[in-house]
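Taking it in order: structure first as structure tokens, then the write-up.
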Amino acid sequence: MKRSFLLIAFIGMSVLSLGQTADEIINQYFETIGGLEKLNTISSVEMKAKVDYGGMSIPLQIVSMKDGRQFTKINFQGKEITQGAYDGTTAWGTNFMTMKAEKEDAESTENIKRSVGDLVSPFLNYNDKGYSVELLPNETIEGVDCFKLKLTKKPLLVDGEGVPNVEFYYIDKDNYVPIVVEQEINQGEMKGQISQTVFSDYQEVDGAYFAFSITQRIKDGMGQTIVIDSIELNKNYEESMFAFPAE
Amino acid sequence: MKKLVSIGILWTAFSVNAQEASVIAGKEIFGDLKARQIGPALMSGRVSDIEGHPTNNKVIYIGTAGGGVWKSQDGGVRFNSIFDDLPQSIGAVAIDPSDPDNTLWVGTGEVWTRNSVSIGDGIYRSNDGGNNWKKFGLEKTERISAIEIDPRDQNTIYVGALGALWGDSEDRGVFKTTDGGQTWTKILFVNAATGCSDLIMDPNDPNTLYASFWEFRRTAYSFNSGGMNSSLYKSTDGGKTWAKIHNGFPTGKLGRIAVTVAPSNSQILYAVVEAEKANEKGLYRSDDAGKTWKHLNSDFELTVRPFYFSRIVVDPKDPETVAKAGLGGSISHDGGKTFKNLGSMHSDIHDIWFDIKDSDKMFVATDGGLYRSLNGGTTMEIIENLPICQFYHVSVDNHTPYNIYGGLQDNGSWFGPSASPGGIEARDWESVGMGDGFRVYSHPTNPSIVYSEMQGAEGVWRYDQEKKQMKVIKPWPVQGDPKLRFNWNAAITTSKHAPDRLYMGSQFLHRSDDKGDNWTKISPDLTTNDASKQNQVESGGLSADNSGAENHCTIFTIAESPLDQNVIWIGTDDGNVQLTTDGGKTWANVTANLTGIPKNTWCYHIEASVFNKGTAYAVFDGHTRNDKSTYVLKTADFGKTWKSIITADVSGFTRNIQEDYKNPELLYLGTEFGLYVTVDGGAHWYKFTNGVPAAAVHYIEMHPKTNDLILGTHGRGIIIIDDVSPLRELNTEVMSKTLHFFTPQTVYMDETSSFGGASGETQFVGSNPSTSAKISYYLSKRHTFGKMTLEIFDNNANKISNVSPGKQKGINIVEWNYVSMAPKVASGKTIDAGGFFAPRVVEGRYKIVITKGKETFESFIDVKYPENSMYSAEERKLQHETTMKMFSMTEDLAYMVYEIDELIAHTDNTLKTNASLKKQALKLNTELNALKDGLVITKGDNYVGAGEKQLREKLSDLYSTVGSYYGAPSKTQLENLAMLEKQLQEAKKSFSAIKSAQVTKYKTATEKAGIKFIELKSFEEFVKKD
């Protein structure tokens, strides 16, 4: 009798976990990586990272601010190259040929503006940002049974038209952290193909958890991994570090 | 206490079960074993349906016969597959007119019902433009001909279901849903033998529908089109009531009817009718929305093979312009009175699509891919990136890289390489047969000879592909022989024991020992020889269709034992399994010993074991008897007893099985819905999905040298899974370990050039296998938390490389391109390309260390020079030593430039901040800059504005050139090196002179002035790589 009760209780727990809503999963995810309160206090993230490629170990410095300002500095043979920089108005990067800064096109800049507020996780306050979330049937990825969340963000501008900006998050059912994010490539030659970003090596930084290994790849293809050596939170930066440099 | 015990027991029981389940369940075991699809796309394959976005002409979808659904977002230039995981045979694609950017429906199961047509399993919807799919029932309809969505209400949808081809079925007719597919009501049904072949909604009145019904049936040995039940119906009340609209149609039996409404004028309808009398067949037109019909035309293109070409399409803007699918396709600009042929393209047209904004732009679906016209169909160009060809069979040869041979539905016979510089391109494939292609083989020892055939063995060829000479070598009947019966896909195979031997199956087994010049019958009729199944001349129904596709009572599979040439297995299309153990002198019919196989079920393939000559596997395909069960049997006693090795894990009727060459428990199974693998002799089967779509796998071959699995799919071309050897070690023990390294495979370094590749971005290019070293291991649990690294060390425990480890649960395959780390390079104004070169390691054993949290796991990998190398060991030694000498020189120079840069920066600062030291600082600064100018580029950019090359650039040029050629450096190169060495020594001397003459004094002076002097890193710190 007691065993039956326990069995029923256990089955009941399983059913409960099966019936989780998207928000419950997101809340559990926030809880796992440090708690909503902590996450909301993060105003900047700086990663010191490297990419191992063809015998080279290429150092990167990636800085992202809550207000959307950001830059990535790559060091080649002692020369610093900036990519993916945005100062709140202008998005820019270094041209590899001239080694001079060039502005991104207007659409790319606009699309960066539309993703402001995604620091740490785009799910943070997603309702306030006008994003929507839908729970899809579970899927196995990386050998792991995952919740699959469809996150619809603000539309992207592509060739002058708004296109849906949708990301699919695969969240490990056992530990509630995202392990893969998928997105259809919206423009360029690869348009229509699926890109995947794979997360692992989660480690604690001042009470919050971050993936220290991030791999970018085309679905079913080989990837390129960024290995993160260290993360610092809530640092202050000179405005000039983000700004499009004057000639 | 008791309660605790109970919990403990329960928990333990659950844990054990959970662990067992986690060990053996799921596709995840395959992990990084991923397939590469190599196409080809030059001959493409059958496209069954085209659907364009109603307002955005950049978005076009196509459904294909066996290759799923493809989407273009650039107006039909490039297409991506969006339906990989689901049945690949497509009947209809429909876009929801009220949400055309996101919502689309796919009805599975092609409706062009040739003998080799596949089946579907219902209807699917995507709400995100094709990224995710959900099934919405109609599972048993097998073939969906049309989907019509009410533009006023996206939940109201009508579906035409043609239904089963090979038997009676109640699951056909017109279905309607008003709740978005949650429930369906069959609103029009004729009988179990008659299905809905076309369904059209009036574009201007969603309550008006036209539905054509077709009475049809195939068996393995016959085809019938037509009967008294074929008919055309109309509803004007959303399908509540239907009326036959035959006023003006021929009487008597009708066959397949294509129908359409002119979008610009709902009164004008066109119907193409298959009828009894030749002069009553063809195109009918109604100008009163179906009340009356007038016969207009019986041209060949309008009456040819209605089962295959019944589609008619009207220009969306002009009701008088109408295009008809057909052998070549035709178009009328006078409302159907006269037609002209469409431009030259692959024959067998199934659908036509007019661009919504420009009717001169058309897309046409053929047996050989999708074509585009920009001038109203006059000239056609093929879309070159649709690898949807339909292979019936594949084989491989022993070349390096090996070639793949196979024949295609309506697209001849071909061979092409498994790897090619720049990727496997259209130009890499060579045609070796015409017509429909089937089984193609390379001669086992003479690589220039290829055997191929066409349908029904009408042509069997021996082709010398070097001399370009061809000879017909099919067996001929001799005195006393009955007519030889060859299957559409006639059995032919080579021998593992006698290189010049060929076997070929009619109803007899024929053997040739002289490459097909002469043949000997080595069996009696091995089929059931059922006369009632040999009347193909009557096949077709209202339209005669005796193409050979229904030839029956034939041998279909021949399997000579790899262990004994006298042991030969035969399987026939009418269900016999026969065996000889004396090279054909005597035969045993073992059909009666089969277990659980219905009588006369097609024996599709027999695989003779490489481990035991009494062991064989046989797969049976009952779909032509309307039996979609999965049948796989194994015998270990020469067919005396058989047992089923199939489980409910497998879906789809079976086409082929391949036994692994090393592990008898490891089997690969091809079904109508993809590839399955068992690692325990069939006790459990897992579906392999990593790059293998749910396509019909008609044939599987395994390459004995590379351990690659090569799939011939009927709709997605050739698919290769490179080196599946890790699967041989999978068992519950391995899968329970935290990390298990698979037995390392020796890697032979690739020394071929990187030249190659001539295809443009609109052409399909199949990817090459990786040439890197592969480090393979199994993780029982995904690594998600904490650090995990993979490092490679040489014999002297020096770290050679960091590689990103795979972390997924299952098989991980990490690639290392056998290079060590690149040198630290001097910093200049520009980036030095040669300085990125990382030297390749020397031949030897390298240690692999994976650190996962606090645990470490070690393995090794052997790296060797290529076996056929043109370089001697001495040459390689000199090359490596010279390269590493320049590696050191590069780093010496880098350190010197670093010291100089630090000093220049310091003196620059002093010049700005301390007037009293100005003179001293300026002198030093000037001399350092002058020295640096000769060491690295200090001006210009990284392109055509580059400055003159200096020592860094000259050195890195030579270093990367010598390092990337694997033979000895030339005398000139060594002389160049001597010159650069001298320059470096001189530079060092100059710097040393500056240091001793000035730097010491400058340091003293600045420190005296309270200025902190620079703190240099040591050389070791400076060159540290991570």
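Following the order of the structure tokens, first chain is A, next is B, and so on, with residues numbered from 1 inside each chain and ligands from 1 in the order they appear.
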
If DSSP is run on the backbone, what residues of region 152-235 of chain A are strand (DSSP E or B)? A reply as a PyMOL selection string would be ideal. chain A and resi 152-158+161-172+178-184+194-205+208-218+223-233

Could you list, as JSON, numbers by chain, every residue of chain B that has an atom within 6 Å of an atom of chain A, counting only C-alpha atoms? {"B": [28, 784, 785, 786, 787, 808, 809, 820, 821, 822, 825, 827, 838, 941, 942, 943]}

A:Leu151, A:Phe242, A:Val158, A:Ser64: which is nearest Leu124 (chain A), counting only C-alpha atoms?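 Result for the nearest residue to Leu124 (chain A): A:Leu151.
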
What residues in region 533-715 of chain B get the DSSP label helix (DSSP H, G or I)? Please answer as a list in words.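 Of region 533-715 of chain B, the ones in helix (DSSP H, G or I) are Lys533, Gln536, Val537, Glu538, Thr591, Ala592, Asn593, His623, Thr624 and Arg625 of chain B.
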
I'd like the contact shell of Ser448 (chain B) - 12 Å cut-off, only C-alpha atoms, skipping same-chain residues fewer than 3 positions apart - returned as a PDB file with C-alpha atoms, in the first residue's frame.
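result-v2.pdb was written with the following content:
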```pdb
ATOM      1  CA  ASP B 397      35.485   0.578 -56.145  1.00  0.00           C
ATOM      2  CA  ASN B 398      38.959   0.378 -54.609  1.00  0.00           C
ATOM      3  CA  HIS B 399      40.381   3.675 -55.792  1.00  0.00           C
ATOM      4  CA  ASN B 403      34.288   6.100 -56.617  1.00  0.00           C
ATOM      5  CA  PHE B 415      29.904   7.216 -61.247  1.00  0.00           C
ATOM      6  CA  VAL B 432      27.948   5.414 -68.013  1.00  0.00           C
ATOM      7  CA  TYR B 441      29.602  -1.874 -60.962  1.00  0.00           C
ATOM      8  CA  SER B 442      33.263  -1.318 -61.511  1.00  0.00           C
ATOM      9  CA  HIS B 443      35.220  -4.385 -62.618  1.00  0.00           C
ATOM     10  CA  PRO B 444      36.850  -5.646 -59.395  1.00  0.00           C
ATOM     11  CA  THR B 445      40.423  -5.486 -60.720  1.00  0.00           C
ATOM     12  CA  TYR B 451      29.044  -2.446 -66.087  1.00  0.00           C
ATOM     13  CA  ARG B 462      30.325  -3.051 -70.489  1.00  0.00           C
ATOM     14  CA  TYR B 463      31.938   0.315 -70.787  1.00  0.00           C
ATOM     15  CA  ASP B 464      35.629   1.079 -70.960  1.00  0.00           C
ATOM     16  CA  GLN B 465      35.619   4.517 -69.459  1.00  0.00           C
ATOM     17  CA  GLU B 466      39.217   5.256 -70.436  1.00  0.00           C
ATOM     18  CA  LYS B 467      38.863   4.280 -74.102  1.00  0.00           C
ATOM     19  CA  LYS B 468      35.203   5.365 -74.177  1.00  0.00           C
ATOM     20  CA  GLN B 469      34.226   2.056 -75.811  1.00  0.00           C
ATOM     21  CA  MET B 470      30.891   0.386 -75.059  1.00  0.00           C
TER      22      MET B 470
END
```
